[in-house]
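Note sheet for the following structure.
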Amino acid sequence: MPLTHRKDLGLLALRLGTGGVLLAHGSQKLFGWFSGGGIEGTARAMEHMGFTPGRESAIAAGLGEAGGGVLLALGLATPLAGAAAAGAMAGAAAVHAPAGFFAQGGGFEYPAFLGFVAACLGLSGPGRFSLDHASRHKLDRPATVVTAFALSAAAATVVLNRRAATLAAAEASGPDRDTDSRTA
């Protein structure tokens, strides 16, 4: 097998594995599959974590993960898929960051790694065994890469800054305030 085909086969395996994990993760949020909370449960959790409004945040996170995962697995619109999944994982990593790096202690290792791999796939391209290749890369152009990652970074920055402001306001209002929307 030529070396280029081996690289393409490796990219296919990486896309399928990463895309499948992201799809499962997002499906928990969107549909409640795999013991997930579905939209309503995820919306309550998102509000509790400082992402407001909760329902819209749950939908955005679920679509970034599940939609990005499906597109990565197919190798379709790969820069958009990688950027969307990386942006969603930036939010998840921010939630876990106070617990440190390692996942065994509740840290951000897992979402950071998923986001990193998704971003790398979005930047590298999907390889020969993909729908992008079959479509002559109509959705995988250099300008698409730059635009997708710039928009994803901007959106993640806005969302994370809004979350930080929400958490700061909740902390400033004192310990009497119930920030757990599950009891509301």
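Order determines the names: the first chain of the structure tokens is A, the second B, and so forth; residues in each chain are numbered 1 upward, and ligands are numbered 1 upward as they are shown.
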
Counting only C-alpha atoms, what is within 12 Å of Phe129 (chain A), bar same-chain residues fewer than 6 positions away, as an mmCIF file with N, CA, C and O atoms, in the first residue's frame?
data_model
loop_
_atom_site.group_PDB
_atom_site.id
_atom_site.type_symbol
_atom_site.label_atom_id
_atom_site.label_comp_id
_atom_site.auth_asym_id
_atom_site.auth_seq_id
_atom_site.Cartn_x
_atom_site.Cartn_y
_atom_site.Cartn_z
ATOM 1 N N THR A 4 0.937 7.288 0.913
ATOM 2 C CA THR A 4 -0.160 8.259 0.933
ATOM 3 C C THR A 4 -1.476 7.581 1.284
ATOM 4 O O THR A 4 -2.307 8.166 1.974
ATOM 5 N N HIS A 5 -1.676 6.345 0.818
ATOM 6 C CA HIS A 5 -2.909 5.630 1.157
ATOM 7 C C HIS A 5 -2.929 5.255 2.637
ATOM 8 O O HIS A 5 -3.991 5.258 3.259
ATOM 9 N N ARG A 6 -1.769 4.919 3.190
ATOM 10 C CA ARG A 6 -1.706 4.614 4.625
ATOM 11 C C ARG A 6 -2.082 5.844 5.441
ATOM 12 O O ARG A 6 -2.805 5.742 6.433
ATOM 13 N N LYS A 7 -1.604 7.004 5.041
ATOM 14 C CA LYS A 7 -1.959 8.240 5.748
ATOM 15 C C LYS A 7 -3.453 8.507 5.629
ATOM 16 O O LYS A 7 -4.099 8.900 6.601
ATOM 17 N N ASP A 8 -3.998 8.287 4.437
ATOM 18 C CA ASP A 8 -5.432 8.485 4.241
ATOM 19 C C ASP A 8 -6.247 7.501 5.074
ATOM 20 O O ASP A 8 -7.289 7.857 5.623
ATOM 21 N N LEU A 9 -5.775 6.273 5.181
ATOM 22 C CA LEU A 9 -6.456 5.275 6.009
ATOM 23 C C LEU A 9 -6.370 5.661 7.487
ATOM 24 O O LEU A 9 -7.349 5.531 8.238
ATOM 25 N N GLY A 10 -5.226 6.189 7.902
ATOM 26 C CA GLY A 10 -5.074 6.662 9.279
ATOM 27 C C GLY A 10 -5.995 7.836 9.582
ATOM 28 O O GLY A 10 -6.612 7.896 10.648
ATOM 29 N N LEU A 11 -6.123 8.766 8.638
ATOM 30 C CA LEU A 11 -7.044 9.890 8.819
ATOM 31 C C LEU A 11 -8.493 9.400 8.900
ATOM 32 O O LEU A 11 -9.282 9.905 9.698
ATOM 33 N N LEU A 12 -8.844 8.403 8.069
ATOM 34 C CA LEU A 12 -10.191 7.834 8.125
ATOM 35 C C LEU A 12 -10.455 7.229 9.498
ATOM 36 O O LEU A 12 -11.499 7.487 10.105
ATOM 37 N N ALA A 13 -9.524 6.435 10.005
ATOM 38 C CA ALA A 13 -9.697 5.818 11.318
ATOM 39 C C ALA A 13 -9.818 6.878 12.411
ATOM 40 O O ALA A 13 -10.680 6.778 13.304
ATOM 41 N N LEU A 14 -8.981 7.897 12.352
ATOM 42 C CA LEU A 14 -9.031 8.975 13.342
ATOM 43 C C LEU A 14 -10.348 9.736 13.255
ATOM 44 O O LEU A 14 -10.957 10.072 14.279
ATOM 45 N N ARG A 15 -10.810 10.011 12.031
ATOM 46 C CA ARG A 15 -12.085 10.713 11.852
ATOM 47 C C ARG A 15 -13.254 9.881 12.374
ATOM 48 O O ARG A 15 -14.146 10.395 13.042
ATOM 49 N N LEU A 16 -13.263 8.591 12.064
ATOM 50 C CA LEU A 16 -14.361 7.724 12.510
ATOM 51 C C LEU A 16 -14.393 7.604 14.026
ATOM 52 O O LEU A 16 -15.458 7.697 14.640
ATOM 53 N N LEU A 72 -17.237 15.119 10.824
ATOM 54 C CA LEU A 72 -15.857 14.620 10.865
ATOM 55 C C LEU A 72 -15.790 13.172 10.395
ATOM 56 O O LEU A 72 -14.913 12.810 9.606
ATOM 57 N N ALA A 73 -16.697 12.340 10.897
ATOM 58 C CA ALA A 73 -16.685 10.928 10.510
ATOM 59 C C ALA A 73 -16.858 10.771 9.003
ATOM 60 O O ALA A 73 -16.190 9.944 8.380
ATOM 61 N N LEU A 74 -17.733 11.578 8.409
ATOM 62 C CA LEU A 74 -17.963 11.515 6.963
ATOM 63 C C LEU A 74 -16.857 12.189 6.164
ATOM 64 O O LEU A 74 -16.724 11.929 4.967
ATOM 65 N N GLY A 75 -16.093 13.050 6.815
ATOM 66 C CA GLY A 75 -15.106 13.831 6.087
ATOM 67 C C GLY A 75 -15.786 14.838 5.183
ATOM 68 O O GLY A 75 -15.377 15.058 4.054
ATOM 69 N N LEU A 76 -16.835 15.467 5.693
ATOM 70 C CA LEU A 76 -17.605 16.446 4.931
ATOM 71 C C LEU A 76 -17.535 17.794 5.638
ATOM 72 O O LEU A 76 -17.808 17.871 6.835
ATOM 73 N N SER A 135 -16.186 15.262 -3.352
ATOM 74 C CA SER A 135 -16.804 16.488 -3.880
ATOM 75 C C SER A 135 -15.764 17.498 -4.377
ATOM 76 O O SER A 135 -16.096 18.660 -4.596
ATOM 77 N N ARG A 136 -14.531 17.033 -4.526
ATOM 78 C CA ARG A 136 -13.417 17.882 -4.965
ATOM 79 C C ARG A 136 -13.183 19.052 -4.009
ATOM 80 O O ARG A 136 -12.885 20.164 -4.408
ATOM 81 N N HIS A 137 -13.410 18.793 -2.759
ATOM 82 C CA HIS A 137 -13.106 19.728 -1.668
ATOM 83 C C HIS A 137 -13.839 21.066 -1.789
ATOM 84 O O HIS A 137 -13.306 22.105 -1.426
#

Considering only C-alpha atoms, tabulate each residue of region 53-119 of chain A that lies at most 7 Å from region 154-164 of chain A along with its nearest interatomic pair and the corresponding distance in Å to one decimal; arrange the rows by chain and ascending residue number and present them as CSV.
residue,atom,partner,partner_atom,distance
A:Gly87,CA,A:Ala156,CA,5.6
A:Ala90,CA,A:Ala156,CA,6.8
A:Gly91,CA,A:Leu160,CA,6.7

Spatial neighbours of Ala43 (chain A), 9 Å, only C-alpha atoms, chain gap at least 2 places, as an mmCIF file with all heavy atoms, in the first residue's frame:
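Result went into selection-v7.cif, see below:
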data_model
loop_
_atom_site.group_PDB
_atom_site.id
_atom_site.type_symbol
_atom_site.label_atom_id
_atom_site.label_comp_id
_atom_site.auth_asym_id
_atom_site.auth_seq_id
_atom_site.Cartn_x
_atom_site.Cartn_y
_atom_site.Cartn_z
ATOM 1 N N LYS A 29 -26.722 15.075 25.017
ATOM 2 C CA LYS A 29 -27.298 16.404 25.241
ATOM 3 C C LYS A 29 -28.578 16.608 24.439
ATOM 4 O O LYS A 29 -29.562 17.137 24.948
ATOM 5 C CB LYS A 29 -26.286 17.496 24.869
ATOM 6 C CG LYS A 29 -25.102 17.584 25.798
ATOM 7 C CD LYS A 29 -24.076 18.569 25.267
ATOM 8 C CE LYS A 29 -22.912 18.724 26.219
ATOM 9 N NZ LYS A 29 -22.129 17.501 26.371
ATOM 10 N N GLY A 37 -28.864 13.697 29.543
ATOM 11 C CA GLY A 37 -29.962 14.477 30.098
ATOM 12 C C GLY A 37 -30.969 14.967 29.081
ATOM 13 O O GLY A 37 -32.009 15.507 29.460
ATOM 14 N N GLY A 38 -30.692 14.803 27.777
ATOM 15 C CA GLY A 38 -31.564 15.384 26.768
ATOM 16 C C GLY A 38 -31.495 16.901 26.846
ATOM 17 O O GLY A 38 -30.750 17.466 27.644
ATOM 18 N N ILE A 39 -32.297 17.561 26.031
ATOM 19 C CA ILE A 39 -32.264 19.024 25.986
ATOM 20 C C ILE A 39 -32.628 19.623 27.345
ATOM 21 O O ILE A 39 -31.930 20.508 27.845
ATOM 22 C CB ILE A 39 -33.210 19.573 24.892
ATOM 23 C CG1 ILE A 39 -32.706 19.194 23.510
ATOM 24 C CG2 ILE A 39 -33.367 21.090 25.020
ATOM 25 C CD1 ILE A 39 -31.419 19.881 23.108
ATOM 26 N N GLU A 40 -33.694 19.162 27.958
ATOM 27 C CA GLU A 40 -34.151 19.786 29.215
ATOM 28 C C GLU A 40 -33.160 19.568 30.350
ATOM 29 O O GLU A 40 -32.820 20.503 31.073
ATOM 30 C CB GLU A 40 -35.551 19.281 29.590
ATOM 31 C CG GLU A 40 -36.628 19.662 28.584
ATOM 32 C CD GLU A 40 -36.640 21.146 28.231
ATOM 33 O OE1 GLU A 40 -36.509 21.997 29.130
ATOM 34 O OE2 GLU A 40 -36.775 21.453 27.035
ATOM 35 N N GLY A 41 -32.694 18.345 30.522
ATOM 36 C CA GLY A 41 -31.717 18.078 31.575
ATOM 37 C C GLY A 41 -30.404 18.798 31.341
ATOM 38 O O GLY A 41 -29.792 19.340 32.267
ATOM 39 N N ALA A 45 -28.480 21.779 33.540
ATOM 40 C CA ALA A 45 -27.061 21.658 33.892
ATOM 41 C C ALA A 45 -26.257 22.838 33.352
ATOM 42 O O ALA A 45 -25.381 23.370 34.043
ATOM 43 C CB ALA A 45 -26.501 20.336 33.363
ATOM 44 N N MET A 46 -26.564 23.258 32.136
ATOM 45 C CA MET A 46 -25.847 24.387 31.543
ATOM 46 C C MET A 46 -26.081 25.659 32.351
ATOM 47 O O MET A 46 -25.134 26.412 32.597
ATOM 48 C CB MET A 46 -26.282 24.606 30.086
ATOM 49 C CG MET A 46 -25.925 23.453 29.155
ATOM 50 S SD MET A 46 -24.164 23.242 28.970
ATOM 51 C CE MET A 46 -23.918 23.890 27.357
ATOM 52 N N GLU A 47 -27.310 25.899 32.757
ATOM 53 C CA GLU A 47 -27.615 27.065 33.605
ATOM 54 C C GLU A 47 -26.816 26.991 34.905
ATOM 55 O O GLU A 47 -26.245 27.986 35.346
ATOM 56 C CB GLU A 47 -29.121 27.128 33.925
ATOM 57 C CG GLU A 47 -29.981 27.515 32.762
ATOM 58 C CD GLU A 47 -30.154 29.007 32.584
ATOM 59 O OE1 GLU A 47 -29.777 29.793 33.482
ATOM 60 O OE2 GLU A 47 -30.665 29.396 31.522
ATOM 61 N N HIS A 48 -26.775 25.815 35.499
ATOM 62 C CA HIS A 48 -26.035 25.615 36.752
ATOM 63 C C HIS A 48 -24.541 25.894 36.568
ATOM 64 O O HIS A 48 -23.880 26.400 37.474
ATOM 65 C CB HIS A 48 -26.258 24.191 37.255
ATOM 66 C CG HIS A 48 -25.547 23.879 38.533
ATOM 67 N ND1 HIS A 48 -25.867 24.461 39.730
ATOM 68 C CD2 HIS A 48 -24.516 23.052 38.789
ATOM 69 C CE1 HIS A 48 -25.060 24.007 40.676
ATOM 70 N NE2 HIS A 48 -24.228 23.147 40.125
ATOM 71 N N PHE A 51 -23.813 28.810 31.912
ATOM 72 C CA PHE A 51 -24.089 29.040 30.491
ATOM 73 C C PHE A 51 -25.552 29.444 30.346
ATOM 74 O O PHE A 51 -26.445 28.644 30.609
ATOM 75 C CB PHE A 51 -23.813 27.781 29.665
ATOM 76 C CG PHE A 51 -22.368 27.395 29.603
ATOM 77 C CD1 PHE A 51 -21.874 26.365 30.398
ATOM 78 C CD2 PHE A 51 -21.494 28.041 28.744
ATOM 79 C CE1 PHE A 51 -20.547 25.991 30.341
ATOM 80 C CE2 PHE A 51 -20.157 27.680 28.679
ATOM 81 C CZ PHE A 51 -19.685 26.659 29.484
ATOM 82 N N THR A 52 -25.776 30.703 29.970
ATOM 83 C CA THR A 52 -27.137 31.202 29.834
ATOM 84 C C THR A 52 -27.346 31.776 28.442
ATOM 85 O O THR A 52 -26.411 32.338 27.870
ATOM 86 C CB THR A 52 -27.428 32.297 30.882
ATOM 87 O OG1 THR A 52 -26.472 33.344 30.736
ATOM 88 C CG2 THR A 52 -27.360 31.741 32.292
ATOM 89 N N PRO A 53 -28.543 31.616 27.909
ATOM 90 C CA PRO A 53 -29.646 30.812 28.409
ATOM 91 C C PRO A 53 -29.344 29.316 28.257
ATOM 92 O O PRO A 53 -28.681 28.899 27.303
ATOM 93 C CB PRO A 53 -30.842 31.237 27.573
ATOM 94 C CG PRO A 53 -30.264 31.823 26.327
ATOM 95 C CD PRO A 53 -28.889 32.336 26.677
ATOM 96 N N GLY A 54 -29.830 28.543 29.195
ATOM 97 C CA GLY A 54 -29.491 27.127 29.266
ATOM 98 C C GLY A 54 -29.932 26.305 28.076
ATOM 99 O O GLY A 54 -29.171 25.481 27.564
ATOM 100 N N ARG A 55 -31.161 26.510 27.637
ATOM 101 C CA ARG A 55 -31.680 25.706 26.517
ATOM 102 C C ARG A 55 -30.870 25.952 25.241
ATOM 103 O O ARG A 55 -30.467 25.008 24.561
ATOM 104 C CB ARG A 55 -33.151 25.989 26.295
ATOM 105 C CG ARG A 55 -33.768 25.166 25.181
ATOM 106 C CD ARG A 55 -35.281 25.371 25.098
ATOM 107 N NE ARG A 55 -35.857 24.629 24.015
ATOM 108 C CZ ARG A 55 -36.107 23.327 24.016
ATOM 109 N NH1 ARG A 55 -35.845 22.621 25.099
ATOM 110 N NH2 ARG A 55 -36.623 22.724 22.970
ATOM 111 N N GLU A 56 -30.643 27.206 24.919
ATOM 112 C CA GLU A 56 -29.874 27.530 23.716
ATOM 113 C C GLU A 56 -28.435 27.035 23.838
ATOM 114 O O GLU A 56 -27.850 26.573 22.863
ATOM 115 C CB GLU A 56 -29.917 29.037 23.445
ATOM 116 C CG GLU A 56 -31.262 29.536 22.958
ATOM 117 C CD GLU A 56 -32.309 29.746 24.057
ATOM 118 O OE1 GLU A 56 -32.030 29.455 25.253
ATOM 119 O OE2 GLU A 56 -33.416 30.190 23.720
ATOM 120 N N SER A 57 -27.893 27.117 25.034
ATOM 121 C CA SER A 57 -26.529 26.619 25.261
ATOM 122 C C SER A 57 -26.466 25.108 25.083
ATOM 123 O O SER A 57 -25.508 24.583 24.502
ATOM 124 C CB SER A 57 -26.055 27.007 26.667
ATOM 125 O OG SER A 57 -25.988 28.404 26.796
ATOM 126 N N ALA A 58 -27.489 24.407 25.566
ATOM 127 C CA ALA A 58 -27.540 22.951 25.416
ATOM 128 C C ALA A 58 -27.633 22.553 23.948
ATOM 129 O O ALA A 58 -26.948 21.624 23.493
ATOM 130 C CB ALA A 58 -28.723 22.388 26.200
ATOM 131 N N ILE A 59 -28.477 23.260 23.208
ATOM 132 C CA ILE A 59 -28.631 22.963 21.783
ATOM 133 C C ILE A 59 -27.326 23.245 21.036
ATOM 134 O O ILE A 59 -26.872 22.429 20.224
ATOM 135 C CB ILE A 59 -29.805 23.755 21.181
ATOM 136 C CG1 ILE A 59 -31.134 23.236 21.760
ATOM 137 C CG2 ILE A 59 -29.808 23.673 19.652
ATOM 138 C CD1 ILE A 59 -32.335 24.115 21.455
#

* DSSP-assigned helix (DSSP H, G or I) members of region 41-124 of chain A, reported as a PyMOL selection string -> chain A and resi 41-48+54-74+78-99+103-105+109-124

* To do: For Gly69 (chain A), list every protein, DNA or RNA residue within 12 Å, evaluated using only C-alpha atoms, and leave out those in the same chain fewer than 4 positions away; present the list as number ranges by chain.
  => A: 14-27, 61-65, 73-86, 88-89, 114-115, 117-119, 121-122

Prev. selection, N, CA and C atoms, output as a short mmCIF file (atom, residue, chain, number, x, y, z; two decimals), in the first residue's frame:
data_model
loop_
_atom_site.label_atom_id
_atom_site.label_comp_id
_atom_site.auth_asym_id
_atom_site.auth_seq_id
_atom_site.Cartn_x
_atom_site.Cartn_y
_atom_site.Cartn_z
N LEU A 14 -8.98 7.90 12.35
CA LEU A 14 -9.03 8.97 13.34
C LEU A 14 -10.35 9.74 13.25
N ARG A 15 -10.81 10.01 12.03
CA ARG A 15 -12.08 10.71 11.85
C ARG A 15 -13.25 9.88 12.37
N LEU A 16 -13.26 8.59 12.06
CA LEU A 16 -14.36 7.72 12.51
C LEU A 16 -14.39 7.60 14.03
N GLY A 17 -13.23 7.41 14.63
CA GLY A 17 -13.18 7.27 16.09
C GLY A 17 -13.56 8.55 16.81
N THR A 18 -12.95 9.64 16.40
CA THR A 18 -13.22 10.94 17.05
C THR A 18 -14.65 11.38 16.76
N GLY A 19 -15.08 11.24 15.51
CA GLY A 19 -16.44 11.61 15.15
C GLY A 19 -17.47 10.79 15.90
N GLY A 20 -17.21 9.50 16.07
CA GLY A 20 -18.14 8.65 16.81
C GLY A 20 -18.25 9.04 18.27
N VAL A 21 -17.13 9.35 18.90
CA VAL A 21 -17.16 9.78 20.30
C VAL A 21 -17.90 11.11 20.43
N LEU A 22 -17.63 12.04 19.54
CA LEU A 22 -18.32 13.34 19.58
C LEU A 22 -19.82 13.18 19.33
N LEU A 23 -20.18 12.32 18.39
CA LEU A 23 -21.59 12.07 18.12
C LEU A 23 -22.30 11.51 19.35
N ALA A 24 -21.68 10.54 20.00
CA ALA A 24 -22.28 9.96 21.22
C ALA A 24 -22.40 11.02 22.31
N HIS A 25 -21.37 11.80 22.49
CA HIS A 25 -21.35 12.84 23.52
C HIS A 25 -22.44 13.88 23.27
N GLY A 26 -22.57 14.33 22.03
CA GLY A 26 -23.60 15.31 21.68
C GLY A 26 -25.00 14.73 21.75
N SER A 27 -25.14 13.44 21.42
CA SER A 27 -26.45 12.78 21.47
C SER A 27 -26.99 12.70 22.89
N ALA A 61 -24.22 23.34 22.22
CA ALA A 61 -23.20 22.36 22.59
C ALA A 61 -23.48 21.01 21.95
N GLY A 62 -24.73 20.58 21.99
CA GLY A 62 -25.10 19.30 21.40
C GLY A 62 -24.87 19.26 19.90
N LEU A 63 -25.24 20.34 19.21
CA LEU A 63 -25.02 20.40 17.76
C LEU A 63 -23.55 20.48 17.41
N GLY A 64 -22.78 21.25 18.19
CA GLY A 64 -21.34 21.33 17.95
C GLY A 64 -20.67 19.97 18.08
N GLU A 65 -21.11 19.22 19.09
CA GLU A 65 -20.51 17.90 19.33
C GLU A 65 -21.06 16.86 18.35
N ALA A 73 -16.70 12.34 10.90
CA ALA A 73 -16.69 10.93 10.51
C ALA A 73 -16.86 10.77 9.00
N LEU A 74 -17.73 11.58 8.41
CA LEU A 74 -17.96 11.52 6.96
C LEU A 74 -16.86 12.19 6.16
N GLY A 75 -16.09 13.05 6.82
CA GLY A 75 -15.11 13.83 6.09
C GLY A 75 -15.79 14.84 5.18
N LEU A 76 -16.84 15.47 5.69
CA LEU A 76 -17.60 16.45 4.93
C LEU A 76 -17.53 17.79 5.64
N ALA A 77 -17.17 18.82 4.90
CA ALA A 77 -17.00 20.16 5.48
C ALA A 77 -16.07 20.07 6.69
N THR A 78 -14.99 19.36 6.50
CA THR A 78 -14.08 19.03 7.60
C THR A 78 -13.58 20.24 8.38
N PRO A 79 -13.22 21.36 7.76
CA PRO A 79 -12.81 22.51 8.57
C PRO A 79 -13.94 23.03 9.47
N LEU A 80 -15.15 23.07 8.94
CA LEU A 80 -16.29 23.52 9.74
C LEU A 80 -16.56 22.55 10.88
N ALA A 81 -16.50 21.26 10.59
CA ALA A 81 -16.75 20.23 11.60
C ALA A 81 -15.71 20.30 12.71
N GLY A 82 -14.45 20.39 12.34
CA GLY A 82 -13.38 20.45 13.33
C GLY A 82 -13.48 21.70 14.19
N ALA A 83 -13.78 22.83 13.55
CA ALA A 83 -13.89 24.08 14.30
C ALA A 83 -15.09 24.06 15.23
N ALA A 84 -16.23 23.53 14.78
CA ALA A 84 -17.43 23.47 15.62
C ALA A 84 -17.19 22.58 16.83
N ALA A 85 -16.62 21.41 16.60
CA ALA A 85 -16.36 20.49 17.71
C ALA A 85 -15.32 21.07 18.68
N ALA A 86 -14.29 21.69 18.15
CA ALA A 86 -13.26 22.30 19.01
C ALA A 86 -13.86 23.42 19.85
N ALA A 88 -17.02 23.71 20.83
CA ALA A 88 -17.86 23.10 21.86
C ALA A 88 -17.00 22.53 22.99
N MET A 89 -15.90 21.91 22.63
CA MET A 89 -15.02 21.32 23.65
C MET A 89 -14.29 22.38 24.46
N LEU A 114 -10.32 15.86 22.99
CA LEU A 114 -11.30 15.77 21.91
C LEU A 114 -11.28 17.03 21.04
N GLY A 115 -11.23 18.18 21.67
CA GLY A 115 -11.18 19.43 20.92
C GLY A 115 -9.91 19.56 20.11
N VAL A 117 -8.00 17.08 18.90
CA VAL A 117 -8.04 16.16 17.75
C VAL A 117 -8.99 16.69 16.68
N ALA A 118 -10.16 17.18 17.10
CA ALA A 118 -11.11 17.74 16.13
C ALA A 118 -10.48 18.91 15.38
N ALA A 119 -9.80 19.78 16.10
CA ALA A 119 -9.15 20.92 15.46
C ALA A 119 -8.06 20.45 14.49
N LEU A 121 -7.89 17.64 12.86
CA LEU A 121 -8.53 17.09 11.66
C LEU A 121 -9.07 18.20 10.77
N GLY A 122 -9.66 19.22 11.39
CA GLY A 122 -10.15 20.35 10.61
C GLY A 122 -9.04 21.08 9.88
#

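When only C-alpha atoms are used to compute distances to Thr166 (chain A), the closest of the residues A:Leu3, A:Met49, A:Trp33, A:Ser130 turns out to be A:Met49.
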
* Enter the distance from CA of Arg44 (chain A) to CA of Ala94 (chain A), in Å, rounded to one decimal. => 17.5 Å

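Restricting the calculation to only C-alpha atoms, the smallest distance between Phe113 (chain A) and any of A:Gly67, A:Phe101, A:Ala165, A:Thr144 is found for A:Phe101.
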
* **Atomic separation - CA of Gln28 (chain A) relative to CA of Tyr110 (chain A), Å** => 16.1 Å

* Select, from A:Leu30, A:Thr147, A:Leu131, A:Ala92, the residue with the minimum atom-to-atom distance to Gly106 (chain A), counting only C-alpha atoms. => A:Ala92

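Between CA of Gly68 (chain A) and CA of Phe116 (chain A) lies a distance of 13.2 Å.
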